[in-house]
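S.K.: Dropping the structure in here first, questions after.
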Amino acid sequence: MNNPEIRPLLLRETAEIAFTEIKRFVETRLTADFHLRRVSAPLCLPAGSGLGGPAPHITFPAAGSGRTMEIVSRLDLWLRSQLERYDSAPGFGVFTVMNALRPEVAETAISSPHITSWAWQQVMPEEPITPRKALSEAARHIYALLRDTEKMILEKFPHLSPALPEEFAVIKAAEVAAAEPADDFLRSRYIYLRERPHTAVFIINEESEEETAMPAEAQGSVSGTLAVWNHMVRTTLNLADISIFPAVNHNNTASIGGNIWRDKVALHILHQTEILK
């Protein structure tokens, strides 16, 4: 995947310093611009709680209690429980720095079983909104945040050049597959982004295509992925994912949220050839 002729523009030690600047900037903006309260994330939860993300999980017995604990793999549902805990109003929410383990993920230049992200959830607005519009607006706001983050980095490290495209597009997964037919969707997406390296693309999954406006509490779970073409490792990078989560009972609320994959954001903005593990 790596081209041996391509070298990072920052030494590893300098890249780590720049990564710290990225973390500070993004977390401040998530609080100020997205109205998100920072909360502390659990590394493990009781096995079977349903709050630690999809299986497979790494489990271990908790000394003294006899309970089996599992390392989290995602925190969407746990963060939704925090919306209730803090009685978050529409347009407000929570975020955390997630550290998760996914044993099924390969160790490569752009991936690791150790997953880190800014995981967030925000209460959906009360007024009717289509799933596509809600996802698109959230994706545009997140991409604007990432572009502002890159501008900050370029001011501090002027020998770097912009890596995030100026152009941003929202497209359905079916349109990607139709534009670049291939044996599977991941290949279609790879070709689509490779041929359009100057555009950041938010791809809305098939189940997200319902355009009918509906009350927030009636919406189904729909999602999309923000991706770019990375010229350093010559492949696609997922920078964020966003989903809409429906209300499931009278004690729950519809929310929108997901993950900003901070290791991949840093790899892309800092012109690295592998994630900063």
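Just remember, in the structure tokens the first chain shown is A, the second B, etc., residues are 1-based per chain, and ligands are 1-based in the order shown.
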Would you mind listing, for every residue of region 156-272 of chain A within 9 Å of region 61-78 of chain A, the two atoms forming the shortest contact and the distance between them in Å to one decimal, using only C-alpha atoms, sorted by chain and ascending residue number, as a Markdown table?
M.R.:
```
| residue | atom | partner | partner_atom | distance |
| --- | --- | --- | --- | --- |
| A:Phe245 | CA | A:Asp76 | CA | 9.0 |
| A:Gly257 | CA | A:Asp76 | CA | 7.5 |
| A:Gly258 | CA | A:Asp76 | CA | 6.6 |
| A:Asn259 | CA | A:Asp76 | CA | 8.6 |
```
S.K.: Could those selected residues go to a file with N, CA, C and O atoms, as an mmCIF file, in the first residue's frame?
M.R.:
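Listing of result.cif after writing:
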```
data_model
loop_
_atom_site.group_PDB
_atom_site.id
_atom_site.type_symbol
_atom_site.label_atom_id
_atom_site.label_comp_id
_atom_site.auth_asym_id
_atom_site.auth_seq_id
_atom_site.Cartn_x
_atom_site.Cartn_y
_atom_site.Cartn_z
ATOM 1 N N PHE A 245 -30.072 7.505 15.121
ATOM 2 C CA PHE A 245 -30.552 6.453 16.010
ATOM 3 C C PHE A 245 -31.970 6.783 16.457
ATOM 4 O O PHE A 245 -32.211 7.852 17.031
ATOM 5 N N GLY A 257 -25.289 10.834 15.568
ATOM 6 C CA GLY A 257 -23.941 10.770 16.109
ATOM 7 C C GLY A 257 -23.098 9.754 15.379
ATOM 8 O O GLY A 257 -23.499 9.206 14.357
ATOM 9 N N GLY A 258 -21.925 9.506 15.911
ATOM 10 C CA GLY A 258 -21.014 8.568 15.279
ATOM 11 C C GLY A 258 -19.600 8.764 15.761
ATOM 12 O O GLY A 258 -19.364 9.024 16.953
ATOM 13 N N ASN A 259 -18.657 8.659 14.836
ATOM 14 C CA ASN A 259 -17.246 8.719 15.186
ATOM 15 C C ASN A 259 -16.475 9.561 14.182
ATOM 16 O O ASN A 259 -16.705 9.470 12.969
#
```
S.K.: Show me, as a count of residues only, the residues that have an atom within 9 Å of Thr235 (chain A) when counting only C-alpha atoms, minus same-chain residues fewer than 5 positions from it.
M.R.: 7
S.K.: Compile the contact shell of Arg85 (chain A) as a ChimeraX atom specification: residues with an atom at most 12 Å away, counting only C-alpha atoms, same-chain residues fewer than 4 positions apart removed.
M.R.: /A:37,39,78-81,89,93-94,251-253
S.K.: For those residues, write N, CA, C and O atoms to a file as a compact mmCIF listing (two decimals), in the first residue's frame.
M.R.:
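After the write, again-v3.txt holds the following:
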```txt
# COMPACT_ATOMS: atom_id res chain seq x y z
N ARG A 37 -21.12 18.17 25.42
CA ARG A 37 -20.45 18.07 26.72
C ARG A 37 -19.48 16.89 26.67
O ARG A 37 -19.85 15.78 26.25
N VAL A 39 -17.59 13.79 28.14
CA VAL A 39 -17.76 12.82 29.22
C VAL A 39 -16.62 11.82 29.16
O VAL A 39 -15.98 11.64 28.12
N TRP A 78 -23.83 3.48 24.48
CA TRP A 78 -23.45 4.02 25.79
C TRP A 78 -23.60 5.54 25.80
O TRP A 78 -24.12 6.12 26.76
N LEU A 79 -23.17 6.20 24.73
CA LEU A 79 -23.30 7.65 24.67
C LEU A 79 -24.78 8.07 24.63
O LEU A 79 -25.14 9.10 25.19
N ARG A 80 -25.61 7.26 23.99
CA ARG A 80 -27.05 7.58 23.99
C ARG A 80 -27.60 7.53 25.42
O ARG A 80 -28.47 8.32 25.78
N SER A 81 -27.07 6.61 26.22
CA SER A 81 -27.52 6.56 27.62
C SER A 81 -27.08 7.82 28.37
O SER A 81 -27.76 8.25 29.32
N ALA A 89 -30.93 18.56 25.74
CA ALA A 89 -32.00 19.17 24.94
C ALA A 89 -31.72 18.96 23.46
O ALA A 89 -30.59 18.65 23.06
N GLY A 93 -25.64 17.61 23.13
CA GLY A 93 -25.26 16.22 23.27
C GLY A 93 -23.98 16.03 24.04
O GLY A 93 -23.58 16.87 24.86
N VAL A 94 -23.31 14.91 23.77
CA VAL A 94 -22.11 14.52 24.49
C VAL A 94 -21.08 13.97 23.50
O VAL A 94 -21.42 13.51 22.42
N ASN A 251 -38.58 6.20 27.20
CA ASN A 251 -37.47 6.72 27.99
C ASN A 251 -36.25 7.06 27.14
O ASN A 251 -35.20 7.37 27.66
N ASN A 252 -36.41 6.95 25.82
CA ASN A 252 -35.28 7.16 24.93
C ASN A 252 -35.58 8.33 24.00
O ASN A 252 -36.72 8.78 23.89
N THR A 253 -34.56 8.80 23.29
CA THR A 253 -34.75 9.93 22.38
C THR A 253 -33.99 9.67 21.10
O THR A 253 -32.96 8.98 21.11
```
S.K.: DSSP on the backbone: which residues in region 2-221 of chain A end up as strand (DSSP E)? Give the answer as an NGL selection string.
M.R.: :A and (36-38 or 44-46 or 59-61 or 68-71 or 93-101 or 114-123 or 167-172 or 199-204)
S.K.: In region 12-261 of chain A, what's helix (DSSP H, G or I) per DSSP? Answer as number ranges by chain?
M.R.: A: 12-34, 76-85, 131-156, 173-179, 185-194, 206-208, 216-218
S.K.: From the options A:Glu84, A:Ile171, A:Ala100, A:Thr28, which residue's atoms come nearest to Gly53 (chain A), counting only C-alpha atoms?
M.R.: A:Ala100
S.K.: So how far away is CA of Leu164 (chain A) from CA of Ile269 (chain A), in Å?
M.R.: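 Interatomic distance here is 7.0 Å.
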S.K.: Find the residues around Arg38 (chain A) up to 12 Å (only C-alpha atoms counted), leave out those fewer than 2 positions away in its own chain, and share them as a PyMOL selection string.
M.R.: chain A and resi 26-32+34-36+40-41+79+82-83+86+92-98+118-122
S.K.: Any idea what's packed within 7 Å of region 136-146 of chain A, counting only C-alpha atoms, ignoring anything in its chain fewer than 4 positions away? Could you give it as a list in words?
M.R.: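 Once the nearby chain positions are removed, what remains is Arg132, Glu150, Val170 and Phe202 of chain A.
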S.K.: Save out the residues we just selected, C-alpha atoms, as a PDB file, in the first residue's frame.
M.R.:
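Result saved to result.pdb:
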```pdb
ATOM      1  CA  ARG A 132     -30.656  12.556   4.137  1.00  0.00           C
ATOM      2  CA  GLU A 150      -6.092  21.662   8.853  1.00  0.00           C
ATOM      3  CA  VAL A 170     -23.023  14.022  -0.780  1.00  0.00           C
ATOM      4  CA  PHE A 202     -20.109  11.663   2.180  1.00  0.00           C
TER       5      PHE A 202
END
```
S.K.: Find the residues near Gly224 (chain A): any atom within 9 Å, counting only C-alpha atoms, skip ones fewer than 3 places away on the same chain, and give them as number ranges by chain.
M.R.: A: 135-136, 139, 172-173, 202-205, 208, 240-243
S.K.: CA of Trp261 (chain A) to CA of Thr149 (chain A): how many Å, to one decimal?
M.R.: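 Calculated distance between CA of Trp261 (chain A) and CA of Thr149 (chain A) is 13.8 Å.
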S.K.: Hey, which of A:Thr236, A:Thr59, A:Ser117, A:Ser161 ends up closest to Ile191 (chain A)? Count only C-alpha atoms.
M.R.: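 That would be A:Thr236, the residue with the smallest distance to Ile191 (chain A).
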S.K.: Quick one: distance from CA of Phe168 (chain A) to CA of Ala18 (chain A) in Å, one decimal?
M.R.: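 About the pair CA of Phe168 (chain A) and CA of Ala18 (chain A): they are 24.8 Å apart.
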